[in-house]
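S.K.: Quick one: structure below, then a few questions.
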Amino acid sequence: MTTRVRYAPSPTGLQHIGGVRTALFNWFFAKSTGGKFILRIEDTDRERYSDESLQDLFDTMDWLGLDWDEGPEKGGPYAPYIQSQRFDIYQKYARELVEKGFAYECFCTEERLESLREEQKSGKSSHQGYDRHCRDLSPEERERKREEFRASGKNPVIRFKVPLSGSTVMEDLLFGKITRKNSDISPDPVLLKSDGFPTYHLANVIDDHLMKITHILRAQEWIPTGPLHILLYNAFGWEVPKYCHLPMVMGKDGQKLSKRHGSTSAREFRENGYLPEAIINYVTMIGWSYDDKTEFFTKDELKKVFSLEKINKAPGVFDYKKLDWFNGQYIRKLQPEELRRRLLPFLQKAKLCSDPPTAKENEILTGAVPLIRERLKKLADAPEMIRFLFEGVHLNDSASLIPKNGSVEATAGALQWLYRFTQAFFGRSDEENEAALREEAERRGVKIGDLLHPLRVAVTGTAVSPPIFETMRLLGAEPVCARVKAAADLLNAAGRDGN
RNA sequence: GGUUCCUUCGUCUAGUGGUCAGGACGUGAGAUUCUCAUUCUUAAAACAGGGGUUCGACUCCCCUAGGAACUGCCA
């Protein structure tokens with residue numbers, strides 16, 4: 001039997017990294033077992049639905065390189081299944097359940113439900129949730145209400161008749177048997193809403209059955225509704241798929257990962273310059289492992305090696321630091337030309353390169369890549385690291401030129417010498433330049449770094465930069481000399497002002 | 001509150017009755033170095049607690065504690 005799995009997101013917000021992990025696990029499980037991966041858009045909540053979210057879903061799948069093997073139409077590339085386009089299917093099955101006596105129409109108003117909730121919150125009633133008011137309406141009463149609704153153009157909701165006694169067992173591949181007393185299941189949840197759309201429970205069960213899903217891999221937060229779904233399968237007389245609930249992804253404080261912990265959406269990671277290969281690798285290592293030492297996996301490797309047995313039961317904390325490390329590793333694995341290609345959009349966004357880039361910009365970028373590749377944690381860090389290659393440097397604070405424990409006078413003097421040094425720099429080898437620098441440092445009785453600091457600040461505008469010799473060569477003689485001259489002048493002026 | 005699930009270094013994890021409890025991130029120290037990084041070496045760091053079962057428990061069972069998720073005409 002070939003395995004069939006699905007990822008079933010709701011387009012009600014940006015794709016969450018937890019969702020990404022669920023998608024990845026499903027996709028890898030399908031691939032590793034030679035099965036099929038299906039994408040199903042669960043857009044039955046038209047209140048929260050947004051086109052932007054749907055687009056973000058596609059962008060994310062595309063970014064991660066996750067494709068799906070089926071759709072409502074024959075022949076690929078496939079459009080995904082979309083629940084809002086399957087409206088009639090759910091109607092039909094909901095009616096079937098009512099006819100078979102497993103569900104019933106409920107005419108309770110929003111207000112009644114609200115006051116019920118109030119009452120329960122204040123502790124007046126020991127009951128929780130819906131009081132099953134409409135479950136046992138007399139046929140006459142039911143007919144009267146139905147007429148009433150019809151007259152006012154309202155639709156009753158359809159609720160599931162949860163058995164009052166007994167219990168339901170869910171077999172989970174990871175957690176084993178999970179038993180829940182039927183009386184503990186949410187009393188008669190809504191299956192079909194008054195707008196005619198199904199709720200998650202109904203649509204999910206129907207579609208998983210119709211799409212012949214064999215394994216349901218979904219977040220652990222769904223465990224409590226598992227038994228309800230099983231009751232639904234039983235009511236329809238359908239075979240129950242295998243369940244494998246995935247441990248949750250938590251924030252540093254052990255709570256569900258959310259905004260306050262940092263970035264949570266795939267889009268944010270994308271825009272910050274995390275590589276999809278790093279995200280894929282890191283995210284699947286939360287709650288899954290291969291052995292006691294291997295932790296680098298390409299997507300292709302994971303397609304072969306992924307297995308449900310190695311999933312961990314305990315929830316995992318999302319470690320941003322470790323992700324950064326993974327990302328740095330992957331950045332350094334990239335061929336220089338490939339890194340250049342991926343960096344370009346970030347420089348364009350920072351307005352340092354035009355679109356398309358000019359020959360000159362391309363040249364600078366190509367030269368800059370080897371200088372920054374081992375300094376990058378995220379691609380978005382690049383623009384600030386090499387801004388000075390594209391734009392002039394404006395030093396307005398002469399103090400930044402002075403090395404630690406240095407003085408204005410000494411630094412001004414050093415800069416005079418550095419100006420001459422830069423003029424000679426481009427006609428000599430690095431070895432010769434370094435020798436000259438060392439000699440001068442010794443003559444002045446300072447460390448070589450005390451000379452390099454003002455040079456670096458003068459040329460790059462910052463105290464932290466890629467290696468200065470390479471940087472200078474990349475920048476070229478003219479701008480380098482001009483910048484050192486400008487710095488020397490600035491410091492002289494500062495000195496004259498009596499500092 | 002109720003229900004269900006979870007519990008190995010700070011974090012991600014290996015471990016499946018006998019290990020000096022291993023690796024990785026992070027942290028500390030050191031080396032390399034023109035700054036920052038990278039790289040390398042090295043150190044500290046864990047079986048939640050209590051009972052059993054057993055010749056022997058991180059590994060099996062029970063209890064306690066702690067944490068989490070769920071408790072909607074949202075998914």
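Every chain in the structure tokens takes a letter, A first, then B, and so on in the order presented; its residues are numbered from 1, and the ligands are numbered from 1 following the presented order.
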Which of range 50-96 of chain A end up as helix (DSSP H, G or I) when DSSP is run on this backbone - answer as a PyMOL selection string?

M.R.: chain A and resi 51-64+83-96

S.K.: Using only C-alpha atoms (C1' of nucleotides), determine which residues of chain A fall within 6 Å of chain B; present them as a PyMOL selection string.

M.R.: chain A and resi 193+221+224+292-293+314+322+374-375+449+452+464

S.K.: Convert the current residue selection to file output with C-alpha atoms, as a short mmCIF file (atom, residue, chain, number, x, y, z; two decimals), in the first residue's frame.

M.R.:
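Just written: selection-v2.cif:
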```cif
data_model
loop_
_atom_site.label_atom_id
_atom_site.label_comp_id
_atom_site.auth_asym_id
_atom_site.auth_seq_id
_atom_site.Cartn_x
_atom_site.Cartn_y
_atom_site.Cartn_z
CA LYS A 193 -21.72 26.23 10.24
CA GLU A 221 -2.08 20.26 19.59
CA PRO A 224 -7.47 16.25 21.99
CA ASP A 292 24.16 10.49 17.75
CA LYS A 293 26.34 12.70 15.55
CA ALA A 314 8.90 15.78 23.77
CA LYS A 322 21.61 27.30 16.45
CA GLU A 374 32.66 33.71 6.40
CA ARG A 375 31.34 36.75 8.19
CA GLY A 449 46.66 47.44 14.90
CA LEU A 452 45.33 49.71 10.88
CA VAL A 464 34.82 46.37 11.87
#
```

S.K.: Residues at most 9 Å from Thr471 in chain A, counting only C-alpha atoms (C1' of nucleotides), excluding those fewer than 3 positions away in the same chain, as a list in words?

M.R.: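 Residues meeting the cut-off are Gly367, Ala368, Leu371, Leu389, Val459, Thr460, Ser465, Pro466, Pro467, Ile468, Leu474, Leu475 and Gly476 of chain A.
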
S.K.: Using only C-alpha atoms (C1' of nucleotides), which protein or nucleic acid residues come within 12 Å of G50 in chain B? Drop anything in the same chain fewer than 6 positions from it, and give the result as a list in words.

M.R.: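 In the requested form, the answer reads C62, C63, U64 and A65 of chain B.
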
S.K.: Just checking: using only C-alpha atoms, which residue out of A:Gly13, A:Gly273, A:Pro454, A:Gly19 ends up closest to Trp417 in chain A?

M.R.: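 Using only C-alpha atoms, the shortest distance to Trp417 in chain A belongs to A:Pro454.
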
S.K.: I want to know what sits within 7 Å of U8 in chain B, based on only C-alpha atoms (C1' of nucleotides), with residues of the same chain fewer than 2 positions away left out; could you give that as a PDB file with C-alpha atoms (C1' of nucleotides), in the first residue's frame?

M.R.:
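Below is the file result.pdb, written as the result:
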```pdb
ATOM      1  C1'   A B  46      22.239  16.479  32.230  1.00  0.00           C
ATOM      2  C1'   C B  47      19.369  11.284  33.390  1.00  0.00           C
ATOM      3  C1'   C B  58      18.691   6.881  32.331  1.00  0.00           C
TER       4        C B  58
END
```

S.K.: Between CA of Glu148 in chain A and CA of Leu232 in chain A, what is the spacing in Å?

M.R.: 29.3 Å

S.K.: Tell me, in Å to one decimal, how far C1' of G56 in chain B is from C1' of G17 in chain B.

M.R.: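 Between C1' of G56 in chain B and C1' of G17 in chain B the gap is 7.4 Å.
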
S.K.: Quick one: of A:Lys154, A:Arg6, A:Lys304, A:Arg21, who's nearest to Ile280 in chain A, counting only C-alpha atoms?

M.R.: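 Closest to Ile280 in chain A of all the choices is A:Arg21.
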
S.K.: Among range 39-239 of chain A, which ones does DSSP place in strand (DSSP E or B), written as JSON, numbers by chain?

M.R.: {"A": [39, 40, 41, 81, 82, 103, 104, 105, 106, 157, 158, 159, 160, 167, 168, 169, 170, 171, 172, 176, 177, 178, 179, 180, 181, 190, 191, 192, 198, 215, 216, 217, 218, 219]}

S.K.: Once you have the residues from the selection above, write them out as an mmCIF file, in the first residue's frame, restricted to N, CA and C atoms.

M.R.:
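That gives us selection-v3.cif:
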```cif
data_model
loop_
_atom_site.group_PDB
_atom_site.id
_atom_site.type_symbol
_atom_site.label_atom_id
_atom_site.label_comp_id
_atom_site.auth_asym_id
_atom_site.auth_seq_id
_atom_site.Cartn_x
_atom_site.Cartn_y
_atom_site.Cartn_z
ATOM 1 N N LEU A 39 -1.315 18.587 -1.108
ATOM 2 C CA LEU A 39 -1.524 19.879 -0.459
ATOM 3 C C LEU A 39 -3.011 20.196 -0.503
ATOM 4 N N ARG A 40 -3.543 20.505 0.650
ATOM 5 C CA ARG A 40 -4.974 20.805 0.712
ATOM 6 C C ARG A 40 -5.183 22.107 1.474
ATOM 7 N N ILE A 41 -5.795 23.055 0.839
ATOM 8 C CA ILE A 41 -6.010 24.358 1.464
ATOM 9 C C ILE A 41 -7.314 24.323 2.254
ATOM 10 N N TYR A 81 -5.755 20.969 -3.726
ATOM 11 C CA TYR A 81 -7.175 20.862 -3.383
ATOM 12 C C TYR A 81 -7.521 22.081 -2.546
ATOM 13 N N ILE A 82 -8.690 22.609 -2.788
ATOM 14 C CA ILE A 82 -9.133 23.776 -2.026
ATOM 15 C C ILE A 82 -10.527 23.499 -1.488
ATOM 16 N N ALA A 103 -26.067 13.108 13.749
ATOM 17 C CA ALA A 103 -25.918 14.558 13.895
ATOM 18 C C ALA A 103 -27.310 15.174 13.911
ATOM 19 N N TYR A 104 -27.373 16.418 14.325
ATOM 20 C CA TYR A 104 -28.681 17.064 14.400
ATOM 21 C C TYR A 104 -28.564 18.555 14.153
ATOM 22 N N GLU A 105 -29.675 19.125 13.770
ATOM 23 C CA GLU A 105 -29.704 20.559 13.550
ATOM 24 C C GLU A 105 -29.815 21.271 14.892
ATOM 25 N N CYS A 106 -29.123 22.366 15.009
ATOM 26 C CA CYS A 106 -29.176 23.133 16.249
ATOM 27 C C CYS A 106 -29.598 24.559 15.926
ATOM 28 N N VAL A 157 -27.231 25.272 12.447
ATOM 29 C CA VAL A 157 -25.942 24.592 12.307
ATOM 30 C C VAL A 157 -26.206 23.107 12.504
ATOM 31 N N ILE A 158 -25.258 22.310 12.078
ATOM 32 C CA ILE A 158 -25.399 20.879 12.323
ATOM 33 C C ILE A 158 -24.342 20.461 13.333
ATOM 34 N N ARG A 159 -24.831 19.804 14.369
ATOM 35 C CA ARG A 159 -23.916 19.354 15.417
ATOM 36 C C ARG A 159 -23.798 17.844 15.428
ATOM 37 N N PHE A 160 -22.643 17.382 15.856
ATOM 38 C CA PHE A 160 -22.404 15.946 15.952
ATOM 39 C C PHE A 160 -22.900 15.434 17.293
ATOM 40 N N SER A 167 -16.004 5.215 25.709
ATOM 41 C CA SER A 167 -14.804 5.993 25.453
ATOM 42 C C SER A 167 -14.235 5.627 24.090
ATOM 43 N N THR A 168 -13.380 6.473 23.610
ATOM 44 C CA THR A 168 -12.815 6.286 22.276
ATOM 45 C C THR A 168 -11.303 6.225 22.360
ATOM 46 N N VAL A 169 -10.752 5.276 21.636
ATOM 47 C CA VAL A 169 -9.301 5.090 21.658
ATOM 48 C C VAL A 169 -8.693 5.520 20.333
ATOM 49 N N MET A 170 -7.645 6.285 20.423
ATOM 50 C CA MET A 170 -6.908 6.667 19.229
ATOM 51 C C MET A 170 -5.535 5.985 19.298
ATOM 52 N N GLU A 171 -5.202 5.291 18.239
ATOM 53 C CA GLU A 171 -3.878 4.670 18.157
ATOM 54 C C GLU A 171 -2.953 5.672 17.497
ATOM 55 N N ASP A 172 -1.893 6.040 18.202
ATOM 56 C CA ASP A 172 -0.952 6.988 17.615
ATOM 57 C C ASP A 172 0.377 6.289 17.427
ATOM 58 N N GLY A 176 1.283 6.030 21.040
ATOM 59 C CA GLY A 176 0.584 4.818 21.450
ATOM 60 C C GLY A 176 -0.903 5.060 21.616
ATOM 61 N N LYS A 177 -1.518 4.266 22.467
ATOM 62 C CA LYS A 177 -2.958 4.394 22.691
ATOM 63 C C LYS A 177 -3.284 5.657 23.468
ATOM 64 N N ILE A 178 -4.221 6.411 22.952
ATOM 65 C CA ILE A 178 -4.704 7.556 23.702
ATOM 66 C C ILE A 178 -6.203 7.381 23.858
ATOM 67 N N THR A 179 -6.630 7.226 25.107
ATOM 68 C CA THR A 179 -8.041 6.951 25.366
ATOM 69 C C THR A 179 -8.724 8.172 25.955
ATOM 70 N N ARG A 180 -9.918 8.428 25.465
ATOM 71 C CA ARG A 180 -10.659 9.558 26.012
ATOM 72 C C ARG A 180 -12.098 9.157 26.232
ATOM 73 N N LYS A 181 -12.596 9.482 27.394
ATOM 74 C CA LYS A 181 -13.998 9.190 27.651
ATOM 75 C C LYS A 181 -14.840 10.081 26.744
ATOM 76 N N VAL A 190 -19.936 21.633 16.454
ATOM 77 C CA VAL A 190 -20.562 22.005 15.189
ATOM 78 C C VAL A 190 -19.788 21.372 14.029
ATOM 79 N N LEU A 191 -20.546 20.804 13.113
ATOM 80 C CA LEU A 191 -19.950 20.187 11.932
ATOM 81 C C LEU A 191 -20.116 21.093 10.714
ATOM 82 N N LEU A 192 -21.323 21.652 10.628
ATOM 83 C CA LEU A 192 -21.613 22.540 9.514
ATOM 84 C C LEU A 192 -22.072 23.872 10.086
ATOM 85 N N PRO A 198 -18.256 23.850 6.230
ATOM 86 C CA PRO A 198 -17.977 22.860 7.261
ATOM 87 C C PRO A 198 -16.965 23.423 8.244
ATOM 88 N N HIS A 215 -1.808 8.232 6.332
ATOM 89 C CA HIS A 215 -1.151 8.663 7.567
ATOM 90 C C HIS A 215 -1.401 10.146 7.796
ATOM 91 N N ILE A 216 -1.861 10.441 8.983
ATOM 92 C CA ILE A 216 -2.066 11.845 9.330
ATOM 93 C C ILE A 216 -0.942 12.290 10.254
ATOM 94 N N LEU A 217 -0.066 13.118 9.710
ATOM 95 C CA LEU A 217 1.008 13.685 10.520
ATOM 96 C C LEU A 217 0.628 15.126 10.771
ATOM 97 N N ARG A 218 0.309 15.456 11.986
ATOM 98 C CA ARG A 218 -0.094 16.821 12.300
ATOM 99 C C ARG A 218 0.402 17.169 13.688
ATOM 100 N N ALA A 219 0.316 18.462 14.000
ATOM 101 C CA ALA A 219 0.856 18.941 15.269
ATOM 102 C C ALA A 219 0.143 18.304 16.460
#
```

S.K.: Just to confirm, what's the straight-line distance from CA of Leu415 in chain A to CA of Ile448 in chain A in Å (one decimal)?

M.R.: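 Rounded to one decimal, the two atoms are 13.3 Å apart.
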
S.K.: Please determine, counting only C-alpha atoms, which residue among A:Gly34, A:Pro479, A:Gly65, A:Gly251 has the shortest atom-to-atom distance to Lys299 in chain A.

M.R.: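 Distance minimum relative to Lys299 in chain A lands on A:Gly65.
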
S.K.: Give me the residues near Trp325 in chain A as a list of chain:residue names, where near means some atom within 10 Å (using only C-alpha atoms (C1' of nucleotides)) and where sequence neighbours in that chain fewer than 6 positions away do not count.

M.R.: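 The filter keeps A:Ala278, A:Tyr282, A:Ile331, A:Leu376, A:Lys377, A:Lys378, B:C25.
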
S.K.: Limited to N, CA and C atoms (P, O5', C5', C4', C3', O3' and C1' of nucleotides), could you put the picked residues into a file as a PDB file, in the first residue's frame?

M.R.:
```pdb
ATOM      1  N   ALA A 278      19.072  25.711   5.010  1.00  0.00           N
ATOM      2  CA  ALA A 278      19.360  25.777   6.444  1.00  0.00           C
ATOM      3  C   ALA A 278      18.077  25.603   7.257  1.00  0.00           C
ATOM      4  N   TYR A 282      17.587  22.607   9.811  1.00  0.00           N
ATOM      5  CA  TYR A 282      17.409  22.900  11.229  1.00  0.00           C
ATOM      6  C   TYR A 282      16.022  22.500  11.733  1.00  0.00           C
ATOM      7  N   ILE A 331      25.804  29.013   4.289  1.00  0.00           N
ATOM      8  CA  ILE A 331      26.297  30.118   3.466  1.00  0.00           C
ATOM      9  C   ILE A 331      27.722  29.816   3.013  1.00  0.00           C
ATOM     10  N   LEU A 376      29.160  36.181   7.321  1.00  0.00           N
ATOM     11  CA  LEU A 376      27.704  36.294   7.233  1.00  0.00           C
ATOM     12  C   LEU A 376      26.984  35.256   8.084  1.00  0.00           C
ATOM     13  N   LYS A 377      26.013  35.733   8.803  1.00  0.00           N
ATOM     14  CA  LYS A 377      25.100  34.811   9.472  1.00  0.00           C
ATOM     15  C   LYS A 377      23.834  34.703   8.641  1.00  0.00           C
ATOM     16  N   LYS A 378      23.423  35.856   8.132  1.00  0.00           N
ATOM     17  CA  LYS A 378      22.235  35.910   7.288  1.00  0.00           C
ATOM     18  C   LYS A 378      22.561  36.755   6.059  1.00  0.00           C
TER      19      LYS A 378
ATOM     20  P     C B  25      29.118  23.071  17.487  1.00  0.00           P
ATOM     21  O5'   C B  25      27.821  23.925  17.863  1.00  0.00           O
ATOM     22  C5'   C B  25      26.977  24.445  16.837  1.00  0.00           C
ATOM     23  C4'   C B  25      25.811  25.164  17.470  1.00  0.00           C
ATOM     24  C3'   C B  25      26.181  26.299  18.419  1.00  0.00           C
ATOM     25  O3'   C B  25      26.425  27.505  17.712  1.00  0.00           O
ATOM     26  C1'   C B  25      24.555  24.916  19.439  1.00  0.00           C
TER      27        C B  25
END
```

S.K.: Leaving out Ser289 in chain A and any residue of its chain fewer than 3 positions from it, which residues lie within 12 Å of it when counting only C-alpha atoms (C1' of nucleotides), given as a PyMOL selection string?

M.R.: (chain A and resi 281-286+292-297+302+305-313) or (chain B and resi 12-14+23-24)

S.K.: Using only C-alpha atoms (C1' of nucleotides), please write the residues we just selected to a file, as an mmCIF file, in the first residue's frame.

M.R.:
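And here is the file that came out, out_16.cif:
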```cif
data_model
loop_
_atom_site.group_PDB
_atom_site.id
_atom_site.type_symbol
_atom_site.label_atom_id
_atom_site.label_comp_id
_atom_site.auth_asym_id
_atom_site.auth_seq_id
_atom_site.Cartn_x
_atom_site.Cartn_y
_atom_site.Cartn_z
ATOM 1 C CA ASN A 281 17.841 21.126 7.918
ATOM 2 C CA TYR A 282 17.409 22.900 11.229
ATOM 3 C CA VAL A 283 13.653 22.646 11.441
ATOM 4 C CA THR A 284 13.587 18.934 10.778
ATOM 5 C CA MET A 285 16.160 18.450 13.507
ATOM 6 C CA ILE A 286 13.634 19.742 16.031
ATOM 7 C CA ASP A 292 24.164 10.489 17.754
ATOM 8 C CA LYS A 293 26.338 12.697 15.552
ATOM 9 C CA THR A 294 25.035 13.413 12.094
ATOM 10 C CA GLU A 295 23.138 16.642 11.886
ATOM 11 C CA PHE A 296 23.816 17.975 8.425
ATOM 12 C CA PHE A 297 21.344 16.751 5.883
ATOM 13 C CA LEU A 302 16.302 13.525 4.156
ATOM 14 C CA VAL A 305 16.613 8.742 5.455
ATOM 15 C CA PHE A 306 13.609 10.268 7.199
ATOM 16 C CA SER A 307 11.565 7.945 9.365
ATOM 17 C CA LEU A 308 8.753 8.210 11.847
ATOM 18 C CA GLU A 309 10.523 5.967 14.344
ATOM 19 C CA LYS A 310 13.142 8.610 15.053
ATOM 20 C CA ILE A 311 10.676 11.309 15.989
ATOM 21 C CA ASN A 312 10.946 12.497 19.557
ATOM 22 C CA LYS A 313 7.890 12.749 21.787
ATOM 23 C "C1'" C B 12 18.544 20.352 20.143
ATOM 24 C "C1'" U B 13 19.560 15.351 20.897
ATOM 25 C "C1'" A B 14 22.122 9.828 21.137
ATOM 26 C "C1'" G B 23 27.534 14.571 19.805
ATOM 27 C "C1'" A B 24 25.950 19.617 18.337
#
```
